[in-house]
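Heads up, coords21.csv below (CSV, C-alpha atoms):
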```csv
chain,number,residue,atom,x,y,z
A,20,GLN,CA,0.5,8.1,-15.6
A,21,ASP,CA,-0.2,4.5,-16.9
A,22,ALA,CA,-3.9,4.2,-17.9
A,23,VAL,CA,-5.7,1.1,-16.7
A,24,MET,CA,-9.3,0.4,-17.8
A,25,ASN,CA,-11.8,-0.3,-15.1
A,26,PRO,CA,-9.5,-1.9,-12.4
A,27,ALA,CA,-11.7,-4.3,-10.5
A,28,PHE,CA,-9.5,-5.9,-7.9
A,29,SER,CA,-6.0,-5.5,-6.5
A,30,ARG,CA,-3.8,-7.6,-4.3
A,31,PHE,CA,-0.4,-6.9,-2.7
A,32,HIS,CA,2.5,-9.4,-2.8
A,33,PRO,CA,3.1,-10.3,0.8
A,34,ARG,CA,7.0,-10.2,0.6
A,35,SER,CA,7.7,-7.8,-2.3
A,36,ASN,CA,6.7,-4.2,-3.0
A,37,VAL,CA,4.5,-5.3,-5.9
A,38,LEU,CA,0.8,-4.8,-6.4
A,39,TYR,CA,-1.4,-6.8,-8.9
A,40,THR,CA,-4.5,-5.3,-10.5
A,41,CYS,CA,-7.0,-6.9,-12.8
A,42,THR,CA,-9.2,-5.1,-15.3
A,43,GLU,CA,-12.9,-5.9,-15.9
A,44,SER,CA,-14.8,-5.8,-19.2
A,45,VAL,CA,-17.5,-8.1,-20.5
A,46,ALA,CA,-16.4,-7.3,-24.1
A,47,GLU,CA,-12.6,-7.3,-23.9
A,48,GLU,CA,-10.1,-9.7,-22.5
A,49,GLY,CA,-9.1,-8.8,-18.9
A,50,GLU,CA,-5.6,-7.6,-18.1
A,51,ILE,CA,-3.4,-8.5,-15.1
A,52,VAL,CA,-1.1,-5.6,-14.4
A,53,SER,CA,1.9,-5.7,-12.1
A,54,TRP,CA,3.1,-2.5,-10.3
A,55,LYS,CA,6.2,-1.8,-8.4
A,56,VAL,CA,5.3,0.1,-5.2
A,57,ASP,CA,7.7,2.8,-4.0
A,58,ALA,CA,8.0,2.0,-0.3
A,59,ARG,CA,8.6,5.6,0.7
A,60,THR,CA,5.9,7.4,-1.4
A,61,GLY,CA,3.5,4.7,-2.5
A,62,ARG,CA,4.0,5.7,-6.1
A,63,LEU,CA,3.2,2.9,-8.6
A,64,THR,CA,5.4,2.1,-11.6
A,65,LYS,CA,4.1,-0.4,-14.1
A,66,LEU,CA,6.2,-3.5,-14.4
A,67,GLY,CA,4.2,-5.2,-17.1
A,68,SER,CA,0.9,-6.9,-17.9
A,69,LYS,CA,-0.5,-10.1,-19.2
A,70,GLY,CA,-3.9,-11.0,-20.8
A,71,ALA,CA,-6.1,-12.8,-18.3
A,72,GLY,CA,-7.4,-15.3,-20.8
A,73,GLY,CA,-11.0,-14.4,-20.3
A,74,THR,CA,-13.5,-11.5,-19.7
A,75,SER,CA,-14.7,-9.6,-16.6
A,76,THR,CA,-11.5,-10.5,-14.6
A,77,CYS,CA,-12.5,-9.9,-11.0
A,78,TYR,CA,-10.3,-11.7,-8.5
A,79,ILE,CA,-6.7,-12.5,-7.7
A,80,SER,CA,-5.1,-14.9,-5.2
A,81,LEU,CA,-1.4,-15.7,-4.6
A,82,ASP,CA,-0.4,-19.2,-3.5
A,83,LYS,CA,1.5,-19.8,-0.3
A,84,GLY,CA,4.9,-20.0,-2.0
A,85,CYS,CA,4.2,-16.8,-4.0
A,86,LYS,CA,5.1,-18.8,-7.2
A,87,ASN,CA,1.7,-18.5,-8.8
A,88,LEU,CA,-1.2,-16.0,-9.3
A,89,LEU,CA,-4.7,-17.5,-9.5
A,90,VAL,CA,-7.1,-15.4,-11.4
A,91,VAL,CA,-10.9,-15.6,-12.0
A,92,ASN,CA,-12.7,-14.4,-15.2
A,93,TYR,CA,-16.3,-13.8,-14.1
A,94,TRP,CA,-18.1,-13.5,-17.4
A,95,ASP,CA,-16.8,-16.7,-19.0
A,96,ALA,CA,-16.1,-18.4,-15.7
A,97,THR,CA,-12.5,-19.5,-16.5
A,98,ILE,CA,-9.9,-19.8,-13.7
A,99,GLY,CA,-6.3,-19.2,-14.7
A,100,VAL,CA,-3.0,-19.9,-13.0
A,101,PHE,CA,-0.1,-17.5,-14.0
A,102,GLY,CA,3.5,-17.8,-13.0
A,103,LEU,CA,5.5,-15.0,-11.4
A,104,ASP,CA,8.9,-13.7,-12.6
A,105,PRO,CA,11.3,-14.9,-9.9
A,106,ALA,CA,13.4,-11.7,-10.2
A,107,THR,CA,10.7,-9.0,-10.2
A,108,ALA,CA,7.6,-10.9,-9.0
A,109,ALA,CA,5.8,-9.5,-12.1
A,110,VAL,CA,3.0,-11.7,-13.5
A,111,ALA,CA,4.4,-14.0,-16.2
A,112,ASP,CA,2.9,-16.5,-18.6
A,113,CYS,CA,-0.3,-18.5,-18.1
A,114,ARG,CA,0.5,-22.0,-16.9
A,115,SER,CA,-3.0,-23.4,-17.1
A,116,MET,CA,-6.7,-22.4,-17.6
A,117,PHE,CA,-9.7,-24.3,-16.3
A,118,ASP,CA,-13.0,-23.8,-18.1
A,119,PRO,CA,-16.1,-25.1,-16.3
A,120,LYS,CA,-18.1,-24.7,-19.5
A,121,GLU,CA,-15.7,-27.2,-21.3
A,122,GLY,CA,-15.5,-24.9,-24.3
A,123,ARG,CA,-19.2,-24.4,-24.7
A,124,PRO,CA,-20.3,-20.9,-25.7
A,125,MET,CA,-22.0,-18.7,-23.2
A,126,LYS,CA,-25.8,-18.5,-23.5
A,127,ALA,CA,-25.8,-14.8,-22.5
A,128,ARG,CA,-24.1,-12.3,-24.9
A,129,HIS,CA,-21.9,-9.5,-23.7
A,130,ASP,CA,-23.4,-7.1,-26.3
A,131,LYS,CA,-27.1,-8.0,-25.5
A,132,HIS,CA,-28.1,-8.8,-22.0
A,133,VAL,CA,-30.3,-7.5,-19.3
A,134,ASN,CA,-29.2,-5.1,-16.5
A,135,HIS,CA,-28.0,-7.4,-13.7
A,136,SER,CA,-28.0,-4.4,-11.3
A,137,GLN,CA,-31.8,-4.7,-11.3
A,138,ASN,CA,-31.6,-8.3,-10.0
A,139,ASP,CA,-35.2,-9.0,-11.1
A,140,GLU,CA,-36.5,-12.3,-12.4
A,141,ASN,CA,-35.1,-11.7,-15.9
A,142,ALA,CA,-31.7,-10.8,-14.7
A,143,GLN,CA,-31.6,-13.8,-12.4
A,144,LYS,CA,-32.7,-16.2,-15.1
A,145,GLU,CA,-30.0,-14.9,-17.5
A,146,ARG,CA,-27.3,-14.9,-14.8
A,147,GLN,CA,-28.1,-18.5,-13.7
A,148,ALA,CA,-28.0,-19.8,-17.3
A,149,ASP,CA,-24.2,-20.0,-17.3
A,150,PRO,CA,-21.3,-20.7,-14.8
A,151,HIS,CA,-19.9,-17.4,-13.4
A,152,SER,CA,-16.8,-17.9,-11.3
A,153,HIS,CA,-16.5,-15.0,-8.8
A,154,ALA,CA,-13.4,-15.7,-6.6
A,155,VAL,CA,-10.7,-18.2,-6.0
A,156,ILE,CA,-9.5,-18.8,-2.5
A,157,LEU,CA,-6.9,-21.4,-1.3
A,158,ASP,CA,-7.3,-23.3,1.9
A,159,PRO,CA,-5.5,-21.6,4.7
A,160,PHE,CA,-3.8,-24.7,6.0
A,161,PHE,CA,-1.8,-26.1,3.2
A,162,GLY,CA,-2.8,-24.0,0.2
A,163,GLN,CA,-3.5,-27.1,-1.9
A,164,ILE,CA,-7.3,-26.9,-2.3
A,165,ALA,CA,-8.8,-24.0,-4.3
A,166,TYR,CA,-12.4,-23.0,-3.7
A,167,VAL,CA,-14.3,-21.1,-6.4
A,168,PRO,CA,-17.8,-19.7,-5.7
A,169,ASP,CA,-19.8,-20.1,-8.9
A,170,LEU,CA,-22.4,-17.3,-8.9
A,171,GLY,CA,-24.3,-18.8,-11.9
A,172,MET,CA,-24.6,-22.4,-10.8
A,173,ASP,CA,-25.1,-21.7,-7.1
A,174,LEU,CA,-22.3,-23.9,-5.9
A,175,ILE,CA,-18.7,-23.9,-4.6
A,176,ARG,CA,-16.3,-25.7,-6.9
A,177,GLN,CA,-13.3,-27.4,-5.3
A,178,PHE,CA,-9.9,-28.1,-7.0
A,179,LYS,CA,-6.7,-29.7,-6.1
A,180,PHE,CA,-4.0,-27.1,-6.8
A,181,ASP,CA,-0.5,-28.2,-7.7
A,182,GLN,CA,1.9,-25.3,-7.1
A,183,ALA,CA,4.8,-27.0,-8.9
A,184,SER,CA,2.9,-27.5,-12.2
A,185,GLY,CA,0.5,-24.6,-11.8
A,186,THR,CA,-2.5,-26.7,-12.5
A,187,LEU,CA,-6.1,-27.1,-11.1
A,188,GLN,CA,-7.7,-30.5,-11.0
A,189,ALA,CA,-11.5,-30.6,-10.4
A,190,ALA,CA,-12.2,-32.3,-7.1
A,191,GLY,CA,-16.0,-31.9,-6.5
A,192,MET,CA,-18.5,-29.2,-5.7
A,193,VAL,CA,-21.0,-28.4,-2.9
A,194,PRO,CA,-24.2,-26.4,-3.1
A,195,SER,CA,-23.9,-22.8,-1.7
A,196,GLY,CA,-27.2,-23.0,0.1
A,197,PRO,CA,-30.1,-25.2,1.3
A,198,PRO,CA,-31.9,-27.5,-1.1
A,199,GLY,CA,-34.6,-25.9,-3.2
A,200,ARG,CA,-33.2,-22.4,-3.1
A,201,MET,CA,-32.3,-20.8,-6.4
A,202,ALA,CA,-30.5,-17.7,-7.7
A,203,LEU,CA,-28.4,-17.6,-4.5
A,204,GLY,CA,-25.4,-16.2,-6.4
A,205,PRO,CA,-22.4,-17.1,-4.2
A,206,ARG,CA,-19.7,-14.5,-4.5
A,207,TYR,CA,-17.0,-15.1,-1.8
A,208,ILE,CA,-15.8,-17.6,0.6
A,209,GLU,CA,-13.7,-16.9,3.7
A,210,PHE,CA,-12.1,-19.2,6.3
A,211,HIS,CA,-12.2,-18.8,10.1
A,212,PRO,CA,-8.6,-18.3,11.3
A,213,ASN,CA,-8.8,-21.0,14.1
A,214,LEU,CA,-11.8,-23.2,13.5
A,215,PRO,CA,-12.6,-25.6,10.6
A,216,VAL,CA,-15.4,-23.3,9.4
A,217,ALA,CA,-15.9,-21.5,6.1
A,218,TYR,CA,-18.3,-18.6,5.4
A,219,VAL,CA,-20.0,-18.1,2.0
A,220,VAL,CA,-21.6,-14.9,0.9
A,221,ASN,CA,-24.6,-15.5,-1.3
```

Structure rendered as structure tokens:
Amino acid sequence: QDAVMNPAFSRFHPRSNVLYTCTESVAEEGEIVSWKVDARTGRLTKLGSKGAGGTSTCYISLDKGCKNLLVVNYWDATIGVFGLDPATAAVADCRSMFDPKEGRPMKARHDKHVNHSQNDENAQKERQADPHSHAVILDPFFGQIAYVPDLGMDLIRQFKFDQASGTLQAAGMVPSGPPGRMALGPRYIEFHPNLPVAYVVN
């Protein structure tokens, strides 16, 4: 019965009957909602919510220790780290926020922009004018490197992730495709379960 505006992405806690959902809007701050899942019926009961610290919230990851929730806000590109309540596993306060724009305003406006669904030259030009973080994935080995595909800048950002402090430290970036290619728009990165190989979806 709890209304949620435009839920964009959900992720289950691996050890608790808790589901996390983020809402997506280019005009309003995203929301991270925690739900208790009834193991017998699957019914969801809202545990609480927190503001995501940005707009168009679109991706959620849990760290290996299930101490932090890493969240991406697509429209303004910010990447947040939120703590979890140790008793309920509900999302708690924001521990840190990384802004690849370094506080600069977006060139595109949420109230006046072209239709990105068309993906024509105008849409691509506007989309590539700003950073647009699209996901955050931790390395599968130690969970200490965070990878963030930046759809706007055509690159994969890398961060050192500190679980104890809940912080991300910039640690380089790599292009998401071959030299000379533009408007690739990387969205996701996934790791091979056995080999030292990663796959990027442009």

*Considering only C-alpha atoms, return as a ChimeraX atom specification whatever protein or nucleic-acid residues lie within 9 Å of His153 in chain A, sequence-local ones (same chain, fewer than 4 positions apart) excluded.*
/A:76-78,91-94,96,167-170,205-207

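In this comparison, which uses all atoms listed in the file, the residue of A:Ala190, A:Leu103, A:Phe180, A:Thr97 approaching Pro150 in chain A most closely is A:Thr97.
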
Quick one: which range 72-133 of chain A residues come within 12 Å of range 174-178 of chain A, and what is the nearest atom pair for each with the distance in Å to one decimal, counting all atoms listed in the file, rows ordered by chain and ascending number, as a tab-separated table?
```
residue	atom	partner	partner_atom	distance
A:Ala96	CA	A:Arg176	CA	11.4
A:Ile98	CA	A:Phe178	CA	10.7
A:Phe117	CA	A:Phe178	CA	10.0
A:Asp118	CA	A:Arg176	CA	11.8
A:Pro119	CA	A:Arg176	CA	9.4
```

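For the pair CA of Gly102 in chain A and CA of Asn87 in chain A, the interatomic distance is 4.6 Å.
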
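The nearest approach to Gly73 in chain A among the residues A:Ala189, A:Leu203, A:Ala148, A:Met116, with only C-alpha atoms taken into account, belongs to A:Met116.
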
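Across the structure, CA of Asp95 in chain A and CA of Leu38 in chain A are spaced 24.7 Å apart.
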
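Among the candidates A:Asn221, A:Ser68, A:Ser115, A:Thr186, the one nearest to Cys41 in chain A when counting all atoms listed in the file is A:Ser68.
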
_My list of candidates is A:Val52, A:Asp173, A:Glu43, A:Ala71. Which is closest to Pro197 in chain A when distances are computed with all atoms listed in the file?_
A:Asp173

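Every polymer residue reaching to within 12 Å of (1.7, -29.5, -7.8), counting all atoms listed in the file, appears in this list: Asp82, Gly84, Lys86, Asn87, Val100, Arg114, Gly162, Gln163, Ile164, Phe178, Lys179, Phe180, Asp181, Gln182, Ala183, Ser184, Gly185, Thr186, Leu187 and Gln188 of chain A.
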
Store the residues of this selection in a file with C-alpha atoms, as a tab-separated table (two decimals), in the coordinates of the input.
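Here's the written file again32.tsv:
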```tsv
chain	number	residue	atom	x	y	z
A	82	ASP	CA	-0.40	-19.20	-3.50
A	84	GLY	CA	4.90	-20.00	-2.00
A	86	LYS	CA	5.10	-18.80	-7.20
A	87	ASN	CA	1.70	-18.50	-8.80
A	100	VAL	CA	-3.00	-19.90	-13.00
A	114	ARG	CA	0.50	-22.00	-16.90
A	162	GLY	CA	-2.80	-24.00	0.20
A	163	GLN	CA	-3.50	-27.10	-1.90
A	164	ILE	CA	-7.30	-26.90	-2.30
A	178	PHE	CA	-9.90	-28.10	-7.00
A	179	LYS	CA	-6.70	-29.70	-6.10
A	180	PHE	CA	-4.00	-27.10	-6.80
A	181	ASP	CA	-0.50	-28.20	-7.70
A	182	GLN	CA	1.90	-25.30	-7.10
A	183	ALA	CA	4.80	-27.00	-8.90
A	184	SER	CA	2.90	-27.50	-12.20
A	185	GLY	CA	0.50	-24.60	-11.80
A	186	THR	CA	-2.50	-26.70	-12.50
A	187	LEU	CA	-6.10	-27.10	-11.10
A	188	GLN	CA	-7.70	-30.50	-11.00
```

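Excluding Phe210 in chain A and any residue on its chain fewer than 6 positions from it, the residues at most 10 Å away by all atoms listed in the file are Ile156, Leu157, Asp158, Pro159, Phe160, Val216, Ala217, Tyr218 and Val219 of chain A.
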
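Taking all atoms listed in the file into account, Pro26 in chain A lies nearest to A:Ile79 out of the set A:Ile79, A:Met172, A:Asp57, A:Ala127.
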
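Interatomic distance, CA of Val220 in chain A against CA of Met125 in chain A: 24.4 Å.
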
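You can rank A:Ala58, A:Leu81, A:Ala202, A:Val45 by their closest distance to Arg146 in chain A using all atoms listed in the file, and at the top of that list sits A:Ala202.
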